[in-house]
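Pasting run.cif here (mmCIF, C-alpha atoms and all ligand atoms):
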```
data_entry
loop_
_atom_site.group_PDB
_atom_site.id
_atom_site.type_symbol
_atom_site.label_atom_id
_atom_site.label_comp_id
_atom_site.auth_asym_id
_atom_site.auth_seq_id
_atom_site.Cartn_x
_atom_site.Cartn_y
_atom_site.Cartn_z
ATOM 1 C CA MET A 116 67.726 22.064 -64.844
ATOM 2 C CA PRO A 117 65.263 21.654 -67.727
ATOM 3 C CA TYR A 118 63.069 24.610 -68.551
ATOM 4 C CA ARG A 119 59.649 24.665 -66.909
ATOM 5 C CA GLY A 120 57.215 27.332 -67.994
ATOM 6 C CA ARG A 121 53.560 27.857 -67.304
ATOM 7 C CA LEU A 122 50.322 29.203 -68.725
ATOM 8 C CA ALA A 123 48.176 30.656 -65.947
ATOM 9 C CA PRO A 124 44.798 31.927 -67.143
ATOM 10 C CA THR A 125 42.275 33.440 -64.746
ATOM 11 C CA PRO A 126 38.854 32.345 -66.026
ATOM 12 C CA THR A 127 36.834 35.500 -65.372
ATOM 13 C CA GLY A 128 35.807 35.852 -69.013
ATOM 14 C CA ARG A 129 36.717 34.787 -72.526
ATOM 15 C CA LEU A 130 40.344 35.186 -73.571
ATOM 16 C CA HIS A 131 41.175 37.961 -75.983
ATOM 17 C CA LEU A 132 43.966 38.443 -78.458
ATOM 18 C CA GLY A 133 46.214 40.056 -75.840
ATOM 19 C CA HIS A 134 46.076 36.975 -73.618
ATOM 20 C CA ALA A 135 46.554 34.740 -76.635
ATOM 21 C CA ARG A 136 49.689 36.606 -77.667
ATOM 22 C CA THR A 137 51.241 36.309 -74.193
ATOM 23 C CA PHE A 138 50.346 32.625 -73.915
ATOM 24 C CA TRP A 139 51.733 31.980 -77.369
ATOM 25 C CA LEU A 140 54.987 33.659 -76.333
ATOM 26 C CA ALA A 141 55.166 31.477 -73.211
ATOM 27 C CA ALA A 142 54.659 28.366 -75.305
ATOM 28 C CA ALA A 143 57.180 29.495 -77.923
ATOM 29 C CA ARG A 144 59.840 30.125 -75.276
ATOM 30 C CA ALA A 145 59.238 26.697 -73.768
ATOM 31 C CA ARG A 146 59.499 25.054 -77.168
ATOM 32 C CA ALA A 147 62.697 26.945 -77.966
ATOM 33 C CA ALA A 148 64.210 25.662 -74.712
ATOM 34 C CA GLY A 149 64.550 22.159 -76.130
ATOM 35 C CA PRO A 150 62.921 18.740 -75.948
ATOM 36 C CA GLU A 151 63.256 18.456 -72.159
ATOM 37 C CA ALA A 152 61.291 21.643 -71.569
ATOM 38 C CA ARG A 153 57.869 21.369 -69.982
ATOM 39 C CA LEU A 154 54.922 23.727 -70.107
ATOM 40 C CA VAL A 155 52.371 23.633 -67.299
ATOM 41 C CA MET A 156 48.755 24.754 -67.555
ATOM 42 C CA ARG A 157 47.554 26.192 -64.260
ATOM 43 C CA MET A 158 44.014 27.423 -63.815
ATOM 44 C CA GLU A 159 43.936 30.430 -61.469
ATOM 45 C CA GLU A 160 40.349 30.244 -60.317
ATOM 46 C CA LEU A 161 40.685 31.047 -56.620
ATOM 47 C CA ASP A 162 38.241 33.919 -56.782
ATOM 48 C CA ALA A 163 35.035 31.894 -56.782
ATOM 49 C CA ALA A 164 32.864 34.987 -57.148
ATOM 50 C CA ARG A 165 34.514 36.063 -60.403
ATOM 51 C CA CYS A 166 35.750 32.827 -61.972
ATOM 52 C CA LYS A 167 33.462 30.408 -63.781
ATOM 53 C CA PRO A 168 34.077 26.781 -64.805
ATOM 54 C CA GLU A 169 32.704 27.497 -68.274
ATOM 55 C CA PHE A 170 35.354 30.205 -68.785
ATOM 56 C CA ALA A 171 38.039 27.763 -67.657
ATOM 57 C CA ALA A 172 36.859 25.171 -70.172
ATOM 58 C CA ALA A 173 36.611 27.833 -72.879
ATOM 59 C CA ALA A 174 40.158 29.070 -72.162
ATOM 60 C CA LEU A 175 41.565 25.575 -72.732
ATOM 61 C CA GLU A 176 39.565 25.234 -75.915
ATOM 62 C CA ASP A 177 40.547 28.671 -77.236
ATOM 63 C CA LEU A 178 44.224 28.008 -76.598
ATOM 64 C CA ARG A 179 44.028 24.650 -78.349
ATOM 65 C CA TRP A 180 42.358 26.330 -81.297
ATOM 66 C CA LEU A 181 45.359 28.604 -81.391
ATOM 67 C CA GLY A 182 47.554 25.523 -81.652
ATOM 68 C CA LEU A 183 49.016 25.673 -78.143
ATOM 69 C CA ARG A 184 49.787 22.435 -76.316
ATOM 70 C CA TRP A 185 50.963 21.851 -72.768
ATOM 71 C CA ASP A 186 52.543 18.945 -70.972
ATOM 72 C CA GLU A 187 50.934 19.095 -67.547
ATOM 73 C CA GLY A 188 47.677 20.559 -66.407
ATOM 74 C CA PRO A 189 44.130 20.134 -65.191
ATOM 75 C CA ASP A 190 43.145 17.984 -68.147
ATOM 76 C CA ILE A 191 46.409 16.043 -68.391
ATOM 77 C CA GLY A 192 47.706 15.466 -64.887
ATOM 78 C CA GLY A 193 51.418 15.127 -64.272
ATOM 79 C CA PRO A 194 53.710 14.941 -61.274
ATOM 80 C CA HIS A 195 52.569 18.260 -59.832
ATOM 81 C CA ALA A 196 48.824 17.844 -60.321
ATOM 82 C CA PRO A 197 46.297 19.154 -59.525
ATOM 83 C CA TYR A 198 46.799 22.388 -61.342
ATOM 84 C CA GLU A 199 43.648 24.135 -60.265
ATOM 85 C CA GLN A 200 44.350 26.668 -57.578
ATOM 86 C CA SER A 201 41.042 25.981 -55.856
ATOM 87 C CA LYS A 202 42.364 22.482 -55.094
ATOM 88 C CA ARG A 203 45.704 23.590 -53.722
ATOM 89 C CA ARG A 204 44.742 25.302 -50.502
ATOM 90 C CA GLU A 205 47.251 23.400 -48.374
ATOM 91 C CA VAL A 206 50.127 24.718 -50.505
ATOM 92 C CA TYR A 207 48.978 28.273 -49.816
ATOM 93 C CA VAL A 208 48.302 27.716 -46.127
ATOM 94 C CA ASP A 209 51.780 26.240 -45.813
ATOM 95 C CA THR A 210 53.284 29.308 -47.475
ATOM 96 C CA TRP A 211 51.202 31.596 -45.274
ATOM 97 C CA ARG A 212 52.453 29.700 -42.210
ATOM 98 C CA ARG A 213 56.091 30.151 -43.220
ATOM 99 C CA LEU A 214 55.548 33.866 -43.748
ATOM 100 C CA ARG A 215 53.754 34.139 -40.411
ATOM 101 C CA ASP A 216 56.510 32.238 -38.580
ATOM 102 C CA GLY A 217 59.126 34.499 -40.085
ATOM 103 C CA GLY A 218 57.215 37.598 -38.980
ATOM 104 C CA PHE A 219 56.879 38.817 -42.563
ATOM 105 C CA ILE A 220 53.107 39.272 -42.543
ATOM 106 C CA TYR A 221 50.451 40.644 -40.244
ATOM 107 C CA PRO A 222 46.669 40.667 -40.022
ATOM 108 C CA CYS A 223 45.085 43.997 -40.728
ATOM 109 C CA ALA A 224 41.445 44.796 -40.083
ATOM 110 C CA ARG A 225 41.388 47.749 -42.475
ATOM 111 C CA SER A 226 39.732 47.179 -45.791
ATOM 112 C CA ARG A 227 41.064 48.187 -49.173
ATOM 113 C CA ALA A 228 38.433 50.935 -49.176
ATOM 114 C CA ASP A 229 39.914 52.275 -45.892
ATOM 115 C CA VAL A 230 43.322 52.417 -47.540
ATOM 116 C CA GLN A 231 41.869 54.112 -50.589
ATOM 117 C CA ARG A 232 40.176 56.748 -48.419
ATOM 118 C CA ALA A 233 43.197 57.327 -46.195
ATOM 119 C CA THR A 234 45.493 57.977 -49.095
ATOM 120 C CA GLN A 235 42.897 59.753 -51.217
ATOM 121 C CA ALA A 236 44.453 58.052 -54.167
ATOM 122 C CA PRO A 237 42.719 59.015 -57.358
ATOM 123 C CA HIS A 238 41.252 56.119 -59.255
ATOM 124 C CA ALA A 239 44.139 56.426 -61.596
ATOM 125 C CA GLU A 240 44.215 54.916 -65.038
ATOM 126 C CA GLU A 241 47.736 53.720 -64.338
ATOM 127 C CA GLU A 242 48.211 49.985 -64.164
ATOM 128 C CA ASP A 243 48.225 48.630 -60.676
ATOM 129 C CA ALA A 244 47.537 51.991 -59.082
ATOM 130 C CA GLU A 245 46.969 50.408 -55.711
ATOM 131 C CA PRO A 246 47.515 53.097 -53.073
ATOM 132 C CA LEU A 247 50.401 52.713 -50.631
ATOM 133 C CA TYR A 248 49.284 51.163 -47.388
ATOM 134 C CA PRO A 249 49.886 53.818 -44.672
ATOM 135 C CA THR A 250 52.893 52.692 -42.623
ATOM 136 C CA GLU A 251 51.409 54.181 -39.446
ATOM 137 C CA TRP A 252 48.735 51.495 -39.625
ATOM 138 C CA ARG A 253 51.276 48.719 -39.371
ATOM 139 C CA PRO A 254 50.928 46.756 -36.155
ATOM 140 C CA PRO A 255 54.023 45.928 -34.092
ATOM 141 C CA ILE A 256 56.296 43.181 -35.392
ATOM 142 C CA GLY A 257 55.099 39.820 -34.161
ATOM 143 C CA THR A 258 51.406 40.648 -34.446
ATOM 144 C CA GLY A 259 49.588 37.592 -35.752
ATOM 145 C CA LYS A 260 52.324 35.101 -34.892
ATOM 146 C CA ASP A 261 49.980 33.188 -32.601
ATOM 147 C CA VAL A 262 47.149 32.937 -35.160
ATOM 148 C CA ALA A 263 46.722 29.291 -36.184
ATOM 149 C CA MET A 264 45.019 29.706 -39.553
ATOM 150 C CA PRO A 265 44.751 32.694 -41.884
ATOM 151 C CA GLY A 266 40.955 32.679 -41.700
ATOM 152 C CA ALA A 267 40.918 32.611 -37.901
ATOM 153 C CA VAL A 268 40.874 36.403 -37.753
ATOM 154 C CA ALA A 269 38.504 38.719 -39.596
ATOM 155 C CA ALA A 270 41.315 40.507 -41.365
ATOM 156 C CA ASN A 271 43.374 40.821 -44.484
ATOM 157 C CA TRP A 272 46.950 39.626 -44.146
ATOM 158 C CA ARG A 273 49.630 41.890 -45.538
ATOM 159 C CA PHE A 274 53.322 41.538 -46.254
ATOM 160 C CA ARG A 275 55.425 44.107 -44.422
ATOM 161 C CA VAL A 276 57.677 45.501 -47.147
ATOM 162 C CA PRO A 277 61.254 46.528 -46.329
ATOM 163 C CA ASP A 278 60.912 50.285 -46.833
ATOM 164 C CA GLY A 279 63.500 51.736 -49.134
ATOM 165 C CA GLU A 280 64.851 48.400 -50.327
ATOM 166 C CA MET A 281 65.575 48.301 -54.040
ATOM 167 C CA ILE A 282 64.298 45.229 -55.793
ATOM 168 C CA LYS A 283 66.167 44.603 -59.007
ATOM 169 C CA PHE A 284 65.618 41.961 -61.608
ATOM 170 C CA ALA A 285 66.508 41.309 -65.193
ATOM 171 C CA ASP A 286 63.630 40.879 -67.592
ATOM 172 C CA ALA A 287 64.150 39.000 -70.829
ATOM 173 C CA MET A 288 61.935 41.422 -72.727
ATOM 174 C CA GLN A 289 61.822 44.663 -70.702
ATOM 175 C CA GLY A 290 65.482 44.837 -69.678
ATOM 176 C CA PRO A 291 66.744 45.678 -66.176
ATOM 177 C CA GLN A 292 64.028 46.595 -63.667
ATOM 178 C CA VAL A 293 64.193 48.415 -60.346
ATOM 179 C CA PHE A 294 61.391 48.974 -57.863
ATOM 180 C CA VAL A 295 61.636 50.530 -54.426
ATOM 181 C CA ALA A 296 59.650 48.893 -51.639
ATOM 182 C CA GLY A 297 57.533 51.371 -49.704
ATOM 183 C CA LYS A 298 57.636 53.805 -52.598
ATOM 184 C CA ASP A 299 56.502 51.981 -55.715
ATOM 185 C CA PHE A 300 54.242 49.762 -53.645
ATOM 186 C CA GLY A 301 53.416 49.342 -49.985
ATOM 187 C CA ASP A 302 52.424 46.467 -47.721
ATOM 188 C CA PHE A 303 50.556 44.149 -50.029
ATOM 189 C CA LEU A 304 47.841 41.559 -49.574
ATOM 190 C CA VAL A 305 48.803 37.931 -49.153
ATOM 191 C CA TRP A 306 45.512 36.619 -47.783
ATOM 192 C CA ARG A 307 42.055 38.104 -48.090
ATOM 193 C CA ARG A 308 39.672 38.559 -45.221
ATOM 194 C CA ASP A 309 37.193 36.246 -46.984
ATOM 195 C CA ASP A 310 39.812 33.525 -46.444
ATOM 196 C CA VAL A 311 41.063 33.360 -50.025
ATOM 197 C CA PRO A 312 44.819 33.496 -50.717
ATOM 198 C CA ALA A 313 45.731 36.692 -52.554
ATOM 199 C CA TYR A 314 47.279 36.586 -56.011
ATOM 200 C CA GLU A 315 50.864 37.395 -54.937
ATOM 201 C CA LEU A 316 50.978 34.553 -52.442
ATOM 202 C CA ALA A 317 49.201 31.940 -54.559
ATOM 203 C CA VAL A 318 51.283 32.571 -57.663
ATOM 204 C CA THR A 319 54.584 32.548 -55.779
ATOM 205 C CA ALA A 320 53.683 29.397 -53.844
ATOM 206 C CA ASP A 321 52.687 27.660 -57.085
ATOM 207 C CA ASP A 322 55.609 28.777 -59.217
ATOM 208 C CA ASN A 323 57.908 27.550 -56.473
ATOM 209 C CA ALA A 324 56.072 24.261 -55.892
ATOM 210 C CA MET A 325 55.843 23.567 -59.629
ATOM 211 C CA ALA A 326 59.562 24.316 -60.049
ATOM 212 C CA ILE A 327 58.901 26.927 -62.719
ATOM 213 C CA THR A 328 62.171 28.219 -64.170
ATOM 214 C CA GLU A 329 60.785 31.106 -66.231
ATOM 215 C CA VAL A 330 57.609 33.131 -65.769
ATOM 216 C CA VAL A 331 56.230 34.620 -68.980
ATOM 217 C CA ARG A 332 53.324 37.027 -68.506
ATOM 218 C CA GLY A 333 52.082 40.499 -69.345
ATOM 219 C CA ALA A 334 53.995 43.673 -68.503
ATOM 220 C CA ASP A 335 51.089 44.796 -66.323
ATOM 221 C CA LEU A 336 52.522 42.445 -63.695
ATOM 222 C CA LEU A 337 56.050 43.922 -63.490
ATOM 223 C CA LYS A 338 55.353 45.546 -60.147
ATOM 224 C CA SER A 339 53.820 42.324 -58.889
ATOM 225 C CA THR A 340 57.060 40.599 -59.776
ATOM 226 C CA ALA A 341 58.898 42.917 -57.399
ATOM 227 C CA ARG A 342 56.432 41.994 -54.658
ATOM 228 C CA GLN A 343 56.777 38.311 -55.433
ATOM 229 C CA ILE A 344 60.562 38.557 -55.269
ATOM 230 C CA LEU A 345 60.166 39.781 -51.682
ATOM 231 C CA ILE A 346 58.235 36.587 -50.890
ATOM 232 C CA TYR A 347 60.930 34.436 -52.527
ATOM 233 C CA GLN A 348 63.569 36.257 -50.479
ATOM 234 C CA ALA A 349 61.600 35.956 -47.244
ATOM 235 C CA LEU A 350 61.245 32.214 -47.651
ATOM 236 C CA GLY A 351 64.728 31.567 -49.008
ATOM 237 C CA TRP A 352 63.361 30.318 -52.327
ATOM 238 C CA THR A 353 65.092 30.817 -55.653
ATOM 239 C CA PRO A 354 63.059 33.043 -57.971
ATOM 240 C CA PRO A 355 62.524 32.012 -61.599
ATOM 241 C CA ALA A 356 63.672 34.061 -64.581
ATOM 242 C CA TRP A 357 61.210 36.696 -65.793
ATOM 243 C CA CYS A 358 59.857 37.648 -69.174
ATOM 244 C CA HIS A 359 57.097 40.252 -69.375
ATOM 245 C CA ALA A 360 55.450 40.694 -72.750
ATOM 246 C CA PRO A 361 54.522 44.226 -73.789
ATOM 247 C CA LEU A 362 50.776 44.748 -73.566
ATOM 248 C CA LEU A 363 48.590 44.828 -76.595
ATOM 249 C CA LEU A 364 46.731 48.127 -76.860
ATOM 250 C CA ASP A 365 43.409 48.764 -78.525
ATOM 251 C CA GLU A 366 42.833 51.494 -81.093
ATOM 252 C CA THR A 367 42.388 54.111 -78.337
ATOM 253 C CA GLY A 368 45.724 53.213 -76.765
ATOM 254 C CA LYS A 369 44.147 51.433 -73.797
ATOM 255 C CA ARG A 370 45.237 47.966 -72.859
ATOM 256 C CA LEU A 371 42.983 45.218 -74.086
ATOM 257 C CA ALA A 372 40.657 43.862 -71.466
ATOM 258 C CA LYS A 373 38.101 41.130 -71.341
ATOM 259 C CA ARG A 374 35.547 43.832 -72.170
ATOM 260 C CA ASN A 375 37.029 44.136 -75.688
ATOM 261 C CA ASP A 376 34.630 41.572 -76.951
ATOM 262 C CA ALA A 377 35.466 42.225 -80.589
ATOM 263 C CA LEU A 378 38.924 40.814 -80.056
ATOM 264 C CA SER A 379 37.881 37.822 -77.994
ATOM 265 C CA LEU A 380 39.116 34.543 -79.384
ATOM 266 C CA ALA A 381 35.530 33.335 -79.295
ATOM 267 C CA LYS A 382 34.432 36.108 -81.676
ATOM 268 C CA LEU A 383 37.415 35.631 -83.934
ATOM 269 C CA ARG A 384 36.775 31.896 -84.139
ATOM 270 C CA GLU A 385 33.130 32.490 -84.862
ATOM 271 C CA GLN A 386 34.124 34.772 -87.726
ATOM 272 C CA GLY A 387 36.325 32.045 -89.152
ATOM 273 C CA ALA A 388 39.633 33.741 -88.385
ATOM 274 C CA ASN A 389 42.760 31.751 -89.128
ATOM 275 C CA PRO A 390 44.936 31.464 -86.008
ATOM 276 C CA LYS A 391 48.044 30.991 -88.145
ATOM 277 C CA LYS A 392 47.739 34.582 -89.281
ATOM 278 C CA PHE A 393 48.033 35.925 -85.728
ATOM 279 C CA ILE A 394 50.890 33.605 -84.966
ATOM 280 C CA GLU A 395 52.812 34.773 -88.031
ATOM 281 C CA GLY A 396 52.435 38.331 -86.748
ATOM 282 C CA TRP A 397 53.662 37.430 -83.275
ATOM 283 C CA LYS A 398 56.610 35.526 -84.684
ATOM 284 C CA THR A 399 57.667 38.624 -86.565
ATOM 285 C CA GLU A 400 57.066 40.822 -83.529
ATOM 286 C CA PHE A 401 59.004 38.705 -81.042
ATOM 287 C CA GLN A 402 61.608 36.961 -83.101
ATOM 288 C CA SER A 403 62.911 39.791 -85.232
HETATM 289 N N1 LIG A 501 46.434 34.537 -63.747
HETATM 290 C C1 LIG A 501 47.006 35.822 -64.017
HETATM 291 C C2 LIG A 501 46.199 36.536 -65.043
HETATM 292 O O1 LIG A 501 45.501 35.918 -65.828
HETATM 293 C C3 LIG A 501 48.410 35.725 -64.517
HETATM 294 C C4 LIG A 501 49.275 35.378 -63.423
HETATM 295 C C5 LIG A 501 50.709 35.199 -63.788
HETATM 296 O O2 LIG A 501 51.035 34.896 -64.929
HETATM 297 O O3 LIG A 501 51.488 35.319 -62.862
HETATM 298 O O4 LIG A 501 46.249 37.748 -65.067
#
```

Please express what this file holds, its structure, as structure tokens.
Amino acid sequence: MPYRGRLAPTPTGRLHLGHARTFWLAAARARAAGPEARLVMRMEELDAARCKPEFAAAALEDLRWLGLRWDEGPDIGGPHAPYEQSKRREVYVDTWRRLRDGGFIYPCARSRADVQRATQAPHAEEEDAEPLYPTEWRPPIGTGKDVAMPGAVAANWRFRVPDGEMIKFADAMQGPQVFVAGKDFGDFLVWRRDDVPAYELAVTADDNAMAITEVVRGADLLKSTARQILIYQALGWTPPAWCHAPLLLDETGKRLAKRNDALSLAKLREQGANPKKFIEGWKTEFQS
């Protein structure tokens, strides 16, 4: 099967050097996989309140400035188009339906704030410090099976994780990984009460539908990968290979965020930076 990779920006702001480095790595791995390899550009703009079309356009422009090219995507088309998540609702509803039919998910009227309060989780600095959903709040198995559409109930939908199950995967960059369901993470969101598919569901549905063979993304999403593997397993889908790039840290040791304006590609471009210089650095970092 020829390699299929993807670039999946979320246009909530301008891209910074950390994003650029991960996207470059994704493109480099696709290129190294040979002439048959394909790289897909997928715009993850489901969250209409936070995503803006101008950021989406700017992300494409910034990545082109960096010298990246892709074979399929919002501005190119291709056999799997469209590649904008906001236009792919039926793919997500279909995935939701399969999870519902299999009894893997349930509607839950509690908000994230309720969960936060119940667990008194500190607002930790740790990546993905989402508190564990209290198992005593789980409704009986089968709850929600008769609901026709995810938005038909005023509730979040959550995936019931198999408590104690070890989820193992090999990562091309981080080595062997193990997470324990119910311990490292609890029942996670698959559909939001405002009727928007949650990240874990949308990304899994898309990577499967787009026949992605390797997911390259930041190491902040390692735990999400474990959650996504549970969705692949539930639906009998074959997961892709995984490659999580180490995160770029700023001078205080914190991970770069869109707030680090100084390192935004827009700023660097404005200052006349030469993208080749960054790429040389990444080549040395990843290929030595
Ligand atoms: N769209 C996500 C982000 O920008 C990345 C999702 C992924 O690569 O799975 O954080």

| query | Glu176 (chain A): which residues within 12 Å, counting only C-alpha atoms, same-chain residues fewer than 4 positions away excluded, as a count of residues only? | reply | 16

| field | Result set, the PyMOL selection byres (((chain A and resi 344) around 9) and not hetatm) on current file, as a PyMOL selection string | value | chain A and resi 282+284+319+339-343+345-349+353-354

| task | Report as a count of residues only which protein, DNA and RNA residues come within 9 Å of ligand LIG 501 (chain A), using all atoms listed in the file. | result | 25

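Residues in contact range of Pro355 (chain A), defined as at most 9 Å between all atoms listed in the file, with sequence neighbours fewer than 6 positions away removed, read Asp322, Asn323, Ala326, Ile327, Thr328, Glu329 and Val330 of chain A.
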
| said: Quick one: residues within 10 Å of Tyr221 (chain A), all atoms listed in the file, excluding same-chain residues fewer than 5 positions away - as a count of residues only? | reply: 22
